[in-house]
$ cat entry.json   # JSON, C-alpha atoms
[["chain", "number", "residue", "atom", "x", "y", "z"],
["P", 1, "MET", "CA", -2.42, -79.44, 41.18],
["P", 2, "ASP", "CA", -0.09, -76.66, 40.03],
["P", 3, "ASP", "CA", -0.04, -74.10, 42.85],
["P", 4, "ARG", "CA", 1.45, -71.51, 40.49],
["P", 5, "GLN", "CA", -1.71, -71.67, 38.36],
["P", 6, "THR", "CA", -4.16, -71.98, 41.26],
["P", 7, "PRO", "CA", -5.76, -68.74, 42.48],
["P", 8, "SER", "CA", -4.99, -67.81, 46.06],
["P", 9, "LEU", "CA", -7.49, -66.61, 48.64],
["P", 10, "ALA", "CA", -6.13, -63.10, 48.12],
["P", 11, "GLN", "CA", -6.65, -63.30, 44.36],
["P", 12, "ILE", "CA", -10.27, -64.34, 44.84],
["P", 13, "HIS", "CA", -10.81, -61.41, 47.23],
["P", 14, "ILE", "CA", -9.22, -59.09, 44.68],
["P", 15, "ALA", "CA", -11.55, -60.49, 42.02],
["P", 16, "ALA", "CA", -14.54, -59.72, 44.25],
["P", 17, "SER", "CA", -13.23, -56.16, 44.68],
["P", 18, "HIS", "CA", -12.77, -55.82, 40.92],
["P", 19, "LEU", "CA", -16.40, -56.72, 40.34],
["P", 20, "ARG", "CA", -17.67, -54.30, 42.94],
["P", 21, "SER", "CA", -15.47, -51.52, 41.54],
["P", 22, "VAL", "CA", -17.43, -51.64, 38.28],
["P", 23, "SER", "CA", -20.83, -51.97, 39.96],
["P", 24, "VAL", "CA", -21.40, -55.69, 39.42],
["P", 25, "PRO", "CA", -24.21, -56.40, 41.89],
["P", 26, "VAL", "CA", -24.14, -58.82, 44.78],
["P", 27, "THR", "CA", -26.81, -61.28, 43.69],
["P", 28, "PRO", "CA", -29.54, -62.23, 46.17],
["P", 29, "VAL", "CA", -29.90, -65.45, 48.11],
["P", 30, "LEU", "CA", -33.50, -66.64, 48.18],
["P", 31, "THR", "CA", -35.27, -69.24, 50.30],
["P", 32, "ASN", "CA", -38.56, -71.02, 49.72],
["P", 33, "VAL", "CA", -40.92, -72.64, 52.22],
["P", 34, "ILE", "CA", -42.05, -75.32, 49.75],
["P", 35, "LEU", "CA", -38.47, -76.27, 48.91],
["P", 36, "ASN", "CA", -37.44, -76.43, 52.56],
["P", 37, "LYS", "CA", -40.47, -78.52, 53.51],
["P", 38, "LEU", "CA", -39.99, -80.89, 50.58],
["P", 39, "THR", "CA", -36.31, -81.57, 51.29],
["P", 40, "GLY", "CA", -36.41, -81.26, 55.08],
["P", 41, "ARG", "CA", -33.42, -78.89, 54.89],
["P", 42, "ASN", "CA", -32.70, -75.19, 54.74],
["P", 43, "ILE", "CA", -32.11, -74.45, 51.07],
["P", 44, "PHE", "CA", -30.47, -71.23, 49.91],
["P", 45, "LEU", "CA", -30.60, -70.26, 46.24],
["P", 46, "LYS", "CA", -27.77, -68.04, 44.98],
["P", 47, "CYS", "CA", -29.47, -66.30, 42.06],
["P", 48, "GLU", "CA", -26.93, -65.62, 39.34],
["P", 49, "ASN", "CA", -29.79, -65.59, 36.85],
["P", 50, "LEU", "CA", -30.28, -62.04, 38.19],
["P", 51, "GLN", "CA", -26.65, -61.10, 37.49],
["P", 52, "LEU", "CA", -25.65, -58.56, 34.84],
["P", 53, "THR", "CA", -25.62, -60.36, 31.46],
["P", 54, "GLY", "CA", -27.91, -63.00, 32.96],
["P", 55, "SER", "CA", -25.36, -65.50, 34.28],
["P", 56, "VAL", "CA", -22.49, -66.25, 36.61],
["P", 57, "LYS", "CA", -20.08, -66.29, 33.66],
["P", 58, "LEU", "CA", -19.66, -62.51, 33.81],
["P", 59, "ARG", "CA", -17.56, -62.87, 36.97],
["P", 60, "GLY", "CA", -14.70, -64.82, 35.44],
["P", 61, "ALA", "CA", -14.72, -62.97, 32.13],
["P", 62, "LEU", "CA", -14.71, -59.53, 33.72],
["P", 63, "ASN", "CA", -11.98, -60.33, 36.26],
["P", 64, "ALA", "CA", -9.75, -61.78, 33.54],
["P", 65, "ILE", "CA", -10.19, -58.75, 31.28],
["P", 66, "LEU", "CA", -9.62, -56.21, 34.07],
["P", 67, "ASN", "CA", -6.45, -58.03, 35.13],
["P", 68, "ALA", "CA", -5.23, -58.31, 31.55],
["P", 69, "MET", "CA", -5.65, -54.55, 31.07],
["P", 70, "LYS", "CA", -3.73, -53.86, 34.28],
["P", 71, "ILE", "CA", -0.80, -55.89, 33.02],
["P", 72, "GLU", "CA", -0.93, -54.61, 29.42],
["P", 73, "PRO", "CA", -3.01, -51.44, 29.04],
["P", 74, "ASN", "CA", -2.46, -51.37, 25.27],
["P", 75, "LEU", "CA", -4.17, -54.65, 24.46],
["P", 76, "LYS", "CA", -5.89, -54.41, 21.09],
["P", 77, "GLY", "CA", -8.89, -56.59, 21.92],
["P", 78, "PHE", "CA", -10.17, -59.89, 23.24],
["P", 79, "VAL", "CA", -11.29, -63.17, 21.74],
["P", 80, "SER", "CA", -12.98, -66.16, 23.32],
["P", 81, "PHE", "CA", -15.03, -69.24, 22.51],
["P", 82, "SER", "CA", -18.30, -69.97, 24.21],
["P", 83, "SER", "CA", -21.62, -71.78, 24.25],
["P", 84, "GLY", "CA", -23.16, -68.37, 24.95],
["P", 85, "ASN", "CA", -22.99, -67.08, 28.50],
["P", 86, "HIS", "CA", -19.21, -66.72, 28.73],
["P", 87, "GLY", "CA", -19.23, -64.96, 25.39],
["P", 88, "ILE", "CA", -21.89, -62.53, 26.60],
["P", 89, "GLY", "CA", -19.73, -61.84, 29.66],
["P", 90, "VAL", "CA", -16.60, -61.26, 27.57],
["P", 91, "ALA", "CA", -18.45, -58.90, 25.21],
["P", 92, "TYR", "CA", -19.82, -56.89, 28.15],
["P", 93, "ALA", "CA", -16.46, -56.76, 29.93],
["P", 94, "ALA", "CA", -14.61, -55.73, 26.76],
["P", 95, "SER", "CA", -17.08, -52.91, 26.25],
["P", 96, "LEU", "CA", -16.33, -51.60, 29.74],
["P", 97, "VAL", "CA", -12.63, -51.25, 28.90],
["P", 98, "LYS", "CA", -13.47, -49.93, 25.42],
["P", 99, "ARG", "CA", -11.91, -52.80, 23.50],
["P", 100, "PRO", "CA", -13.37, -54.90, 20.67],
["P", 101, "SER", "CA", -14.21, -58.55, 21.25],
["P", 102, "VAL", "CA", -14.74, -61.58, 19.05],
["P", 103, "ILE", "CA", -16.68, -64.58, 20.31],
["P", 104, "VAL", "CA", -16.43, -67.93, 18.54],
["P", 105, "VAL", "CA", -19.58, -70.04, 18.82],
["P", 106, "CYS", "CA", -20.66, -73.29, 17.24],
["P", 107, "ASN", "CA", -23.22, -72.97, 14.50],
["P", 108, "ASP", "CA", -25.89, -74.60, 16.68],
["P", 109, "THR", "CA", -25.67, -71.97, 19.42],
["P", 110, "GLU", "CA", -28.97, -70.46, 20.53],
["P", 111, "GLN", "CA", -29.78, -67.34, 18.49],
["P", 112, "TYR", "CA", -30.91, -65.54, 21.63],
["P", 113, "LYS", "CA", -27.41, -65.78, 23.10],
["P", 114, "ILE", "CA", -25.78, -64.80, 19.81],
["P", 115, "ASP", "CA", -27.99, -61.71, 19.73],
["P", 116, "ALA", "CA", -27.02, -60.87, 23.32],
["P", 117, "ILE", "CA", -23.31, -61.05, 22.46],
["P", 118, "LYS", "CA", -23.89, -58.61, 19.61],
["P", 119, "GLN", "CA", -25.96, -56.29, 21.79],
["P", 120, "TYR", "CA", -22.98, -55.91, 24.12],
["P", 121, "GLY", "CA", -20.74, -55.06, 21.17],
["P", 122, "GLY", "CA", -19.18, -58.45, 20.49],
["P", 123, "GLU", "CA", -18.46, -59.75, 17.02],
["P", 124, "VAL", "CA", -19.69, -63.33, 16.52],
["P", 125, "VAL", "CA", -17.80, -65.87, 14.41],
["P", 126, "THR", "CA", -19.33, -69.31, 13.92],
["P", 127, "CYS", "CA", -17.60, -72.66, 13.46],
["P", 128, "GLU", "CA", -18.58, -76.29, 13.02],
["P", 129, "VAL", "CA", -19.88, -78.04, 16.14],
["P", 130, "GLY", "CA", -17.13, -79.43, 18.38],
["P", 131, "PRO", "CA", -14.85, -78.29, 21.23],
["P", 132, "LEU", "CA", -11.65, -78.43, 19.18],
["P", 133, "ASN", "CA", -13.21, -76.44, 16.34],
["P", 134, "ARG", "CA", -13.98, -73.57, 18.70],
["P", 135, "ILE", "CA", -10.48, -73.56, 20.15],
["P", 136, "ALA", "CA", -8.82, -73.67, 16.73],
["P", 137, "MET", "CA", -10.89, -70.77, 15.41],
["P", 138, "CYS", "CA", -10.26, -68.76, 18.56],
["P", 139, "SER", "CA", -6.49, -69.30, 18.28],
["P", 140, "GLN", "CA", -6.54, -68.33, 14.62],
["P", 141, "ILE", "CA", -8.35, -65.05, 15.31],
["P", 142, "SER", "CA", -6.02, -64.28, 18.22],
["P", 143, "LYS", "CA", -3.02, -64.72, 15.94],
["P", 144, "GLU", "CA", -4.47, -62.75, 13.03],
["P", 145, "ARG", "CA", -5.71, -59.79, 15.08],
["P", 146, "ASP", "CA", -3.29, -59.93, 18.01],
["P", 147, "TYR", "CA", -6.22, -60.27, 20.43],
["P", 148, "PHE", "CA", -5.87, -61.61, 23.97],
["P", 149, "ILE", "CA", -7.63, -64.95, 24.58],
["P", 150, "ILE", "CA", -10.05, -65.21, 27.51],
["P", 151, "PRO", "CA", -10.63, -68.97, 28.03],
["P", 152, "THR", "CA", -13.94, -70.24, 29.36],
["P", 153, "ALA", "CA", -12.31, -71.98, 32.32],
["P", 154, "ASP", "CA", -8.58, -72.67, 32.16],
["P", 155, "HIS", "CA", -7.16, -69.39, 33.40],
["P", 156, "PRO", "CA", -6.41, -68.41, 37.02],
["P", 157, "ASP", "CA", -8.17, -65.06, 36.65],
["P", 158, "VAL", "CA", -11.31, -66.70, 35.28],
["P", 159, "ILE", "CA", -11.32, -69.19, 38.18],
["P", 160, "ALA", "CA", -10.72, -66.41, 40.73],
["P", 161, "GLY", "CA", -13.54, -64.36, 39.24],
["P", 162, "GLN", "CA", -15.91, -67.30, 39.48],
["P", 163, "GLY", "CA", -14.77, -67.79, 43.07],
["P", 164, "SER", "CA", -16.07, -64.33, 43.94],
["P", 165, "ILE", "CA", -19.53, -65.86, 44.16],
["P", 166, "ALA", "CA", -18.37, -67.84, 47.21],
["P", 167, "VAL", "CA", -17.12, -64.64, 48.87],
["P", 168, "GLU", "CA", -20.63, -63.24, 48.62],
["P", 169, "LEU", "CA", -22.42, -66.46, 49.46],
["P", 170, "LEU", "CA", -20.51, -67.15, 52.67],
["P", 171, "GLU", "CA", -21.09, -63.57, 53.80],
["P", 172, "GLN", "CA", -24.80, -63.97, 53.12],
["P", 173, "VAL", "CA", -25.10, -67.47, 54.65],
["P", 174, "PRO", "CA", -22.06, -68.15, 56.90],
["P", 175, "ASN", "CA", -23.19, -71.52, 58.27],
["P", 176, "LEU", "CA", -23.52, -73.53, 55.07],
["P", 177, "ASP", "CA", -22.92, -77.28, 55.16],
["P", 178, "ALA", "CA", -22.84, -77.84, 51.39],
["P", 179, "ILE", "CA", -22.99, -76.12, 48.01],
["P", 180, "LEU", "CA", -24.43, -77.70, 44.84],
["P", 181, "VAL", "CA", -22.78, -76.41, 41.66],
["P", 182, "PRO", "CA", -23.52, -77.11, 37.98],
["P", 183, "VAL", "CA", -20.35, -78.14, 36.15],
["P", 184, "SER", "CA", -19.17, -77.84, 32.57],
["P", 185, "SER", "CA", -15.43, -77.14, 32.25],
["P", 186, "GLY", "CA", -15.17, -76.52, 35.98],
["P", 187, "SER", "CA", -14.15, -72.89, 36.56],
["P", 188, "LEU", "CA", -17.21, -72.13, 38.71],
["P", 189, "ILE", "CA", -16.91, -75.10, 41.04],
["P", 190, "SER", "CA", -13.12, -74.69, 41.25],
["P", 191, "GLY", "CA", -13.35, -71.06, 42.30],
["P", 192, "ILE", "CA", -16.11, -71.79, 44.79],
["P", 193, "ALA", "CA", -14.26, -74.76, 46.28],
["P", 194, "LEU", "CA", -10.94, -72.93, 46.64],
["P", 195, "TYR", "CA", -12.53, -70.15, 48.64],
["P", 196, "ALA", "CA", -15.20, -72.05, 50.57],
["P", 197, "LYS", "CA", -12.92, -74.87, 51.72],
["P", 198, "TYR", "CA", -10.37, -72.33, 52.97],
["P", 199, "ILE", "CA", -13.02, -70.48, 54.97],
["P", 200, "ASN", "CA", -14.72, -73.66, 56.19],
["P", 201, "PRO", "CA", -12.76, -76.91, 55.64],
["P", 202, "LYS", "CA", -15.84, -78.97, 56.63],
["P", 203, "ILE", "CA", -18.10, -77.58, 53.94],
["P", 204, "ARG", "CA", -18.91, -79.99, 51.11],
["P", 205, "ILE", "CA", -18.87, -78.93, 47.47],
["P", 206, "TYR", "CA", -20.87, -81.17, 45.13],
["P", 207, "ALA", "CA", -20.76, -81.24, 41.34],
["P", 208, "CYS", "CA", -24.02, -81.53, 39.40],
["P", 209, "VAL", "CA", -23.57, -82.78, 35.83],
["P", 210, "PRO", "CA", -25.53, -84.10, 32.84],
["P", 211, "ASP", "CA", -25.63, -87.76, 31.89],
["P", 212, "GLY", "CA", -22.44, -88.94, 30.20],
["P", 213, "LYS", "CA", -20.07, -86.54, 31.97],
["P", 214, "MET", "CA", -18.05, -89.37, 33.61],
["P", 215, "LEU", "CA", -16.96, -86.94, 36.31],
["P", 216, "GLU", "CA", -17.51, -89.24, 39.28],
["P", 217, "GLU", "CA", -15.30, -91.95, 37.74],
["P", 218, "CYS", "CA", -12.58, -89.39, 37.01],
["P", 219, "LEU", "CA", -12.71, -87.96, 40.53],
["P", 220, "PHE", "CA", -12.51, -91.35, 42.24],
["P", 221, "GLU", "CA", -9.46, -92.26, 40.15],
["P", 222, "SER", "CA", -8.04, -88.71, 40.15],
["P", 223, "LYS", "CA", -7.39, -89.30, 36.46],
["P", 224, "ARG", "CA", -8.63, -87.86, 33.20],
["P", 225, "LEU", "CA", -10.56, -90.92, 32.00],
["P", 226, "TRP", "CA", -12.47, -89.05, 29.29],
["P", 227, "PRO", "CA", -12.15, -90.34, 25.74],
["P", 228, "GLU", "CA", -10.19, -88.33, 23.19],
["P", 229, "PRO", "CA", -10.68, -86.14, 21.30],
["P", 230, "PRO", "CA", -12.84, -83.92, 23.53],
["P", 231, "ARG", "CA", -16.51, -83.99, 22.66],
["P", 232, "PHE", "CA", -19.85, -82.45, 23.50],
["P", 233, "LEU", "CA", -22.47, -84.39, 25.43],
["P", 234, "ASP", "CA", -25.87, -85.12, 23.93],
["P", 235, "THR", "CA", -27.82, -82.87, 26.28],
["P", 236, "LYS", "CA", -30.27, -80.00, 26.09],
["P", 237, "CYS", "CA", -28.10, -78.17, 28.62],
["P", 238, "GLU", "CA", -25.88, -76.36, 26.11],
["P", 239, "ALA", "CA", -24.08, -74.43, 28.84],
["P", 240, "CYS", "CA", -22.80, -77.69, 30.37],
["P", 241, "ARG", "CA", -22.28, -79.92, 27.36],
["P", 242, "SER", "CA", -18.46, -80.15, 27.43],
["P", 243, "GLN", "CA", -17.65, -83.66, 28.57],
["P", 244, "GLN", "CA", -14.14, -82.90, 29.77],
["P", 245, "CYS", "CA", -13.18, -80.54, 32.57],
["P", 246, "GLY", "CA", -10.26, -78.15, 32.17],
["P", 247, "MET", "CA", -6.59, -78.95, 32.57],
["P", 248, "LEU", "CA", -6.32, -76.40, 35.41],
["P", 249, "THR", "CA", -9.74, -76.96, 36.93],
["P", 250, "PHE", "CA", -9.77, -80.75, 37.15],
["P", 251, "PRO", "CA", -6.81, -81.01, 39.59],
["P", 252, "ILE", "CA", -8.48, -78.38, 41.80],
["P", 253, "MET", "CA", -11.68, -80.39, 41.74],
["P", 254, "CYS", "CA", -9.80, -83.56, 42.67],
["P", 255, "SER", "CA", -8.33, -81.80, 45.70],
["P", 256, "PHE", "CA", -11.33, -79.88, 46.99],
["P", 257, "ILE", "CA", -14.73, -81.22, 45.93],
["P", 258, "GLU", "CA", -16.62, -84.34, 46.94],
["P", 259, "LYS", "CA", -16.07, -87.53, 44.95],
["P", 260, "GLN", "CA", -19.81, -88.12, 44.94],
["P", 261, "VAL", "CA", -21.31, -86.44, 41.89],
["P", 262, "PHE", "CA", -24.99, -85.80, 41.19],
["P", 263, "THR", "CA", -25.60, -86.91, 37.61],
["P", 264, "VAL", "CA", -29.00, -86.07, 36.16],
["P", 265, "SER", "CA", -30.98, -86.51, 32.97],
["P", 266, "ASP", "CA", -32.33, -83.79, 30.73],
["P", 267, "GLN", "CA", -35.79, -84.46, 32.10],
["P", 268, "VAL", "CA", -34.61, -83.83, 35.66],
["P", 269, "MET", "CA", -33.09, -80.53, 34.52],
["P", 270, "ILE", "CA", -36.36, -79.59, 32.83],
["P", 271, "ASP", "CA", -38.22, -80.45, 36.05],
["P", 272, "GLY", "CA", -35.82, -78.17, 37.92],
["P", 273, "THR", "CA", -36.44, -75.22, 35.60],
["P", 274, "GLN", "CA", -40.17, -75.81, 35.83],
["P", 275, "PHE", "CA", -40.04, -75.89, 39.63],
["P", 276, "ALA", "CA", -38.08, -72.61, 39.61],
["P", 277, "PHE", "CA", -40.66, -70.99, 37.33],
["P", 278, "GLU", "CA", -43.77, -72.22, 39.12],
["P", 279, "HIS", "CA", -42.71, -72.12, 42.78],
["P", 280, "LEU", "CA", -39.75, -69.71, 42.96],
["P", 281, "LYS", "CA", -40.96, -67.30, 40.26],
["P", 282, "LEU", "CA", -37.50, -67.43, 38.70],
["P", 283, "VAL", "CA", -36.65, -67.63, 35.01],
["P", 284, "THR", "CA", -33.74, -70.06, 34.75],
["P", 285, "GLU", "CA", -31.93, -71.92, 32.00],
["P", 286, "MET", "CA", -31.06, -75.59, 31.93],
["P", 287, "SER", "CA", -27.72, -75.19, 33.75],
["P", 288, "ALA", "CA", -29.62, -73.82, 36.74],
["P", 289, "GLY", "CA", -32.12, -76.63, 36.34],
["P", 290, "LEU", "CA", -29.13, -78.95, 36.58],
["P", 291, "SER", "CA", -28.26, -78.02, 40.17],
["P", 292, "LEU", "CA", -31.85, -77.48, 41.30],
["P", 293, "GLY", "CA", -32.93, -80.69, 39.57],
["P", 294, "ALA", "CA", -30.15, -82.59, 41.34],
["P", 295, "LEU", "CA", -31.46, -81.32, 44.67],
["P", 296, "LEU", "CA", -35.09, -82.15, 43.89],
["P", 297, "SER", "CA", -34.36, -85.63, 42.56],
["P", 298, "GLN", "CA", -31.64, -86.76, 44.95],
["P", 299, "TYR", "CA", -32.12, -84.96, 48.28],
["P", 300, "LYS", "CA", -33.14, -88.24, 49.93],
["P", 301, "THR", "CA", -29.62, -89.56, 49.35],
["P", 302, "PHE", "CA", -27.95, -86.61, 51.10],
["P", 303, "ASP", "CA", -26.07, -87.05, 54.35],
["P", 304, "ALA", "CA", -28.44, -86.36, 57.25],
["P", 305, "ASN", "CA", -25.89, -83.94, 58.70],
["P", 306, "LEU", "CA", -26.29, -81.54, 55.78],
["P", 307, "HIS", "CA", -28.84, -79.07, 57.11],
["P", 308, "ASN", "CA", -27.98, -75.84, 55.29],
["P", 309, "ILE", "CA", -27.46, -76.30, 51.55],
["P", 310, "ALA", "CA", -26.81, -73.67, 48.89],
["P", 311, "VAL", "CA", -27.76, -74.23, 45.27],
["P", 312, "ILE", "CA", -26.11, -72.15, 42.55],
["P", 313, "ILE", "CA", -28.74, -70.85, 40.11],
["P", 314, "SER", "CA", -26.18, -70.19, 37.42],
["P", 315, "GLY", "CA", -28.10, -68.38, 34.70],
["P", 316, "GLY", "CA", -31.37, -67.26, 33.21],
["P", 317, "ASN", "CA", -30.63, -66.54, 29.55],
["P", 318, "VAL", "CA", -33.62, -68.06, 27.81],
["P", 319, "ASP", "CA", -35.43, -66.81, 24.72],
["P", 320, "PRO", "CA", -38.74, -65.25, 25.83],
["P", 321, "ASN", "CA", -40.16, -66.00, 22.38],
["P", 322, "ASP", "CA", -39.66, -69.76, 22.77],
["P", 323, "SER", "CA", -42.28, -71.95, 24.37],
["P", 324, "LEU", "CA", -41.47, -73.07, 27.90],
["P", 325, "ILE", "CA", -39.10, -76.00, 27.71],
["P", 326, "TRP", "CA", -41.41, -78.33, 29.67],
["P", 327, "HIS", "CA", -44.06, -77.69, 27.03],
["P", 328, "GLN", "CA", -41.74, -78.58, 24.17],
["P", 329, "LYS", "CA", -41.69, -82.07, 22.67],
["P", 330, "GLN", "CA", -38.76, -84.02, 24.08]]
$ encode --input "entry.json" --output "structure tokens"
Amino acid sequence: MDDRQTPSLAQIHIAASHLRSVSVPVTPVLTNVILNKLTGRNIFLKCENLQLTGSVKLRGALNAILNAMKIEPNLKGFVSFSSGNHGIGVAYAASLVKRPSVIVVCNDTEQYKIDAIKQYGGEVVTCEVGPLNRIAMCSQISKERDYFIIPTADHPDVIAGQGSIAVELLEQVPNLDAILVPVSSGSLISGIALYAKYINPKIRIYACVPDGKMLEECLFESKRLWPEPPRFLDTKCEACRSQQCGMLTFPIMCSFIEKQVFTVSDQVMIDGTQFAFEHLKLVTEMSAGLSLGALLSQYKTFDANLHNIAVIISGGNVDPNDSLIWHQKQ
């Protein structure tokens, strides 16, 4: 782990202050009697589906853009690549500092998220499906327009911004034993782990991932065992379909999160979103169903000493015109 590229506790606190300075709300923590009775634990749901722009991704994007403008106030604009939520966050954040933004998305990205990026003032550029295609297009636009790149994960300011959720969560529920976090490239779990483990070294941070992620094998070996070139997973959870974690985030994860990983199928994620809708009255997307589904399907395997468990409900950007995902043909 490169300490020079790893956000400090102070940087995460500064990120939390940045967000509050521009009226980003502290999202609520909800509990549910049915969920507690079913699992035999105290479950706390951190509802980032109720965040501005509809997901946790705003935190990292906004902190990175505010910091970039502090360092270079004359930046011409911003460019990023995204499966949707990060791009929405970048577009919103760029609009706050009155700068243009370009978001590169694959041509299979949900139209609802593309429309949201445009509604916040972002320009959308599409590319062929694949992680490297997005990065190449993003780099090209940055070079042509002299725009600053806001990565989805591999930037200290993005990680620190994502870590601001842990600042709030541990103020709202100080006595947590564990936090379940959905993982794609790893900025969210890295930021949470850096802060939470500093505040409470005994707390356990668990990754929740789709089938095929290979994260548990990589963590146990502390090596990047993923095949090259980077690829997307075959999953309905578009927000978490990157197989590989980031170059900055993976070493943080190796140092701070549990080696045990909760790997779940698409059906388990769908069951999680359905549970949220029917019993919690929350509209959530598949990435939130990932962490909630992991809890619902695997709580019997949890250590008996884990009494107070937080679940990150990472987003709620779903198309209201689509049929409910558990009613769709799988």
$ atom_distance --input "entry.json" --atom1 "CA of Ser190 in chain P" --atom2 "CA of Arg204 in chain P"
12.6 Å
$ closest_residue --input "entry.json" --among "P:Gly212, P:Gly40, P:Leu248, P:Lys46" --to "Leu292 in chain P" --atoms "only C-alpha atoms"
P:Lys46
$ closest_residue --input "entry.json" --among "P:Asp211, P:Val283, P:Cys240, P:Gly121" --to "Thr152 in chain P" --atoms "only C-alpha atoms"
P:Cys240
$ closest_residue --input "entry.json" --among "P:Glu216, P:Asp157, P:Glu72, P:Glu168" --to "Gln244 in chain P" --atoms "all atoms listed in the file"
P:Glu216
$ closest_atom_pairs --input "entry.json" --of "range 153-256 of chain P" --to "range 76-87 of chain P" --cutoff "9 Å" --atoms "only C-alpha atoms" --output "Markdown table"
| residue | atom | partner | partner_atom | distance |
| --- | --- | --- | --- | --- |
| P:Glu238 | CA | P:Ser83 | CA | 6.5 |
| P:Ala239 | CA | P:Ser83 | CA | 5.8 |
| P:Cys240 | CA | P:Ser83 | CA | 8.6 |
| P:Arg241 | CA | P:Ser83 | CA | 8.7 |
$ write_last_selection --input "entry.json" --atoms "C-alpha atoms" --output "tab-separated table (two decimals), keeping the file's coordinate frame"
chain	number	residue	atom	x	y	z
P	238	GLU	CA	-25.88	-76.36	26.11
P	239	ALA	CA	-24.08	-74.43	28.84
P	240	CYS	CA	-22.80	-77.69	30.37
P	241	ARG	CA	-22.28	-79.92	27.36
$ residues_around --input "entry.json" --residues "Ser184 in chain P" --least-positions-apart "2" --cutoff "10 Å" --atoms "only C-alpha atoms" --output "number ranges by chain"
P: 152-153, 181-182, 186-189, 207-210, 213, 237-246, 287
$ atom_distance --input "entry.json" --atom1 "CA of Ser142 in chain P" --atom2 "CA of Lys57 in chain P"
21.0 Å
$ atom_distance --input "entry.json" --atom1 "CA of Phe220 in chain P" --atom2 "CA of Ala166 in chain P"
24.7 Å
$ closest_atom_pairs --input "entry.json" --of "range 217-313 of chain P" --to "range 128-131 of chain P" --cutoff "8 Å" --atoms "all atoms listed in the file" --output "tab-separated table"
residue	atom	partner	partner_atom	distance
P:Pro230	CA	P:Pro131	CA	6.4
P:Arg231	CA	P:Pro131	CA	6.1
P:Phe232	CA	P:Gly130	CA	6.5
P:Ser242	CA	P:Pro131	CA	7.4
$ axis_aligned_box --input "entry.json" --around "range 60-65 of chain P" --padding-each-side "5 Å" --output "JSON"
{"center_x": -12.2, "center_y": -61.8, "center_z": 33.8, "size_x": 15.0, "size_y": 16.1, "size_z": 15.0}
$ residues_around --input "entry.json" --residues "range 307-311 of chain P" --least-positions-apart "3" --cutoff "7 Å" --atoms "all atoms listed in the file" --output "list in words"
Arg41, Asn42, Ile43, Phe44, Leu45, Lys46, Leu176, Asp177, Ala178, Ile179, Leu180, Val181, Ser291 and Leu292 of chain P
$ closest_residue --input "entry.json" --among "P:Thr284, P:Gln119, P:Leu296, P:Val167" --to "Ile34 in chain P" --atoms "all atoms listed in the file"
P:Leu296
$ residues_near_point --input "entry.json" --point "(-31.8, -62.3, 44.1)" --cutoff "10 Å" --atoms "all atoms listed in the file" --output "list in words"
Pro25, Val26, Thr27, Pro28, Val29, Leu30, Thr31, Leu45, Lys46, Cys47, Glu48, Asn49, Leu50, Gln51, Leu282 and Ile313 of chain P
$ closest_residue --input "entry.json" --among "P:Ser265, P:Ser101, P:Gln162, P:Ser55" --to "Ile141 in chain P" --atoms "all atoms listed in the file"
P:Ser101
$ closest_residue --input "entry.json" --among "P:Thr39, P:Lys113, P:Arg20, P:Val318" --to "Ala304 in chain P" --atoms "all atoms listed in the file"
P:Thr39
$ decode --input "entry.json" --residues "range 55-65 of chain P" --atoms "N, CA and C atoms" --output "compact mmCIF listing (two decimals), in the first residue's frame"
# COMPACT_ATOMS: atom_id res chain seq x y z
N SER P 55 -27.26 8.23 -5.44
CA SER P 55 -26.29 7.18 -5.08
C SER P 55 -25.12 7.74 -4.29
N VAL P 56 -24.39 6.82 -3.70
CA VAL P 56 -23.20 7.15 -2.91
C VAL P 56 -22.10 7.76 -3.76
N LYS P 57 -22.13 7.54 -5.07
CA LYS P 57 -21.04 7.97 -5.94
C LYS P 57 -20.84 9.48 -5.96
N LEU P 58 -21.86 10.24 -5.59
CA LEU P 58 -21.71 11.69 -5.54
C LEU P 58 -20.57 12.10 -4.62
N ARG P 59 -20.39 11.38 -3.52
CA ARG P 59 -19.42 11.77 -2.50
C ARG P 59 -18.00 11.87 -3.06
N GLY P 60 -17.56 10.81 -3.73
CA GLY P 60 -16.21 10.81 -4.26
C GLY P 60 -16.03 11.80 -5.39
N ALA P 61 -17.02 11.86 -6.28
CA ALA P 61 -16.93 12.76 -7.42
C ALA P 61 -16.88 14.21 -6.97
N LEU P 62 -17.73 14.58 -6.05
CA LEU P 62 -17.80 15.96 -5.60
C LEU P 62 -16.54 16.37 -4.84
N ASN P 63 -16.06 15.50 -3.96
CA ASN P 63 -14.83 15.84 -3.23
C ASN P 63 -13.66 16.02 -4.17
N ALA P 64 -13.54 15.14 -5.16
CA ALA P 64 -12.43 15.24 -6.11
C ALA P 64 -12.50 16.53 -6.92
N ILE P 65 -13.68 16.92 -7.34
CA ILE P 65 -13.83 18.14 -8.14
C ILE P 65 -13.59 19.39 -7.30
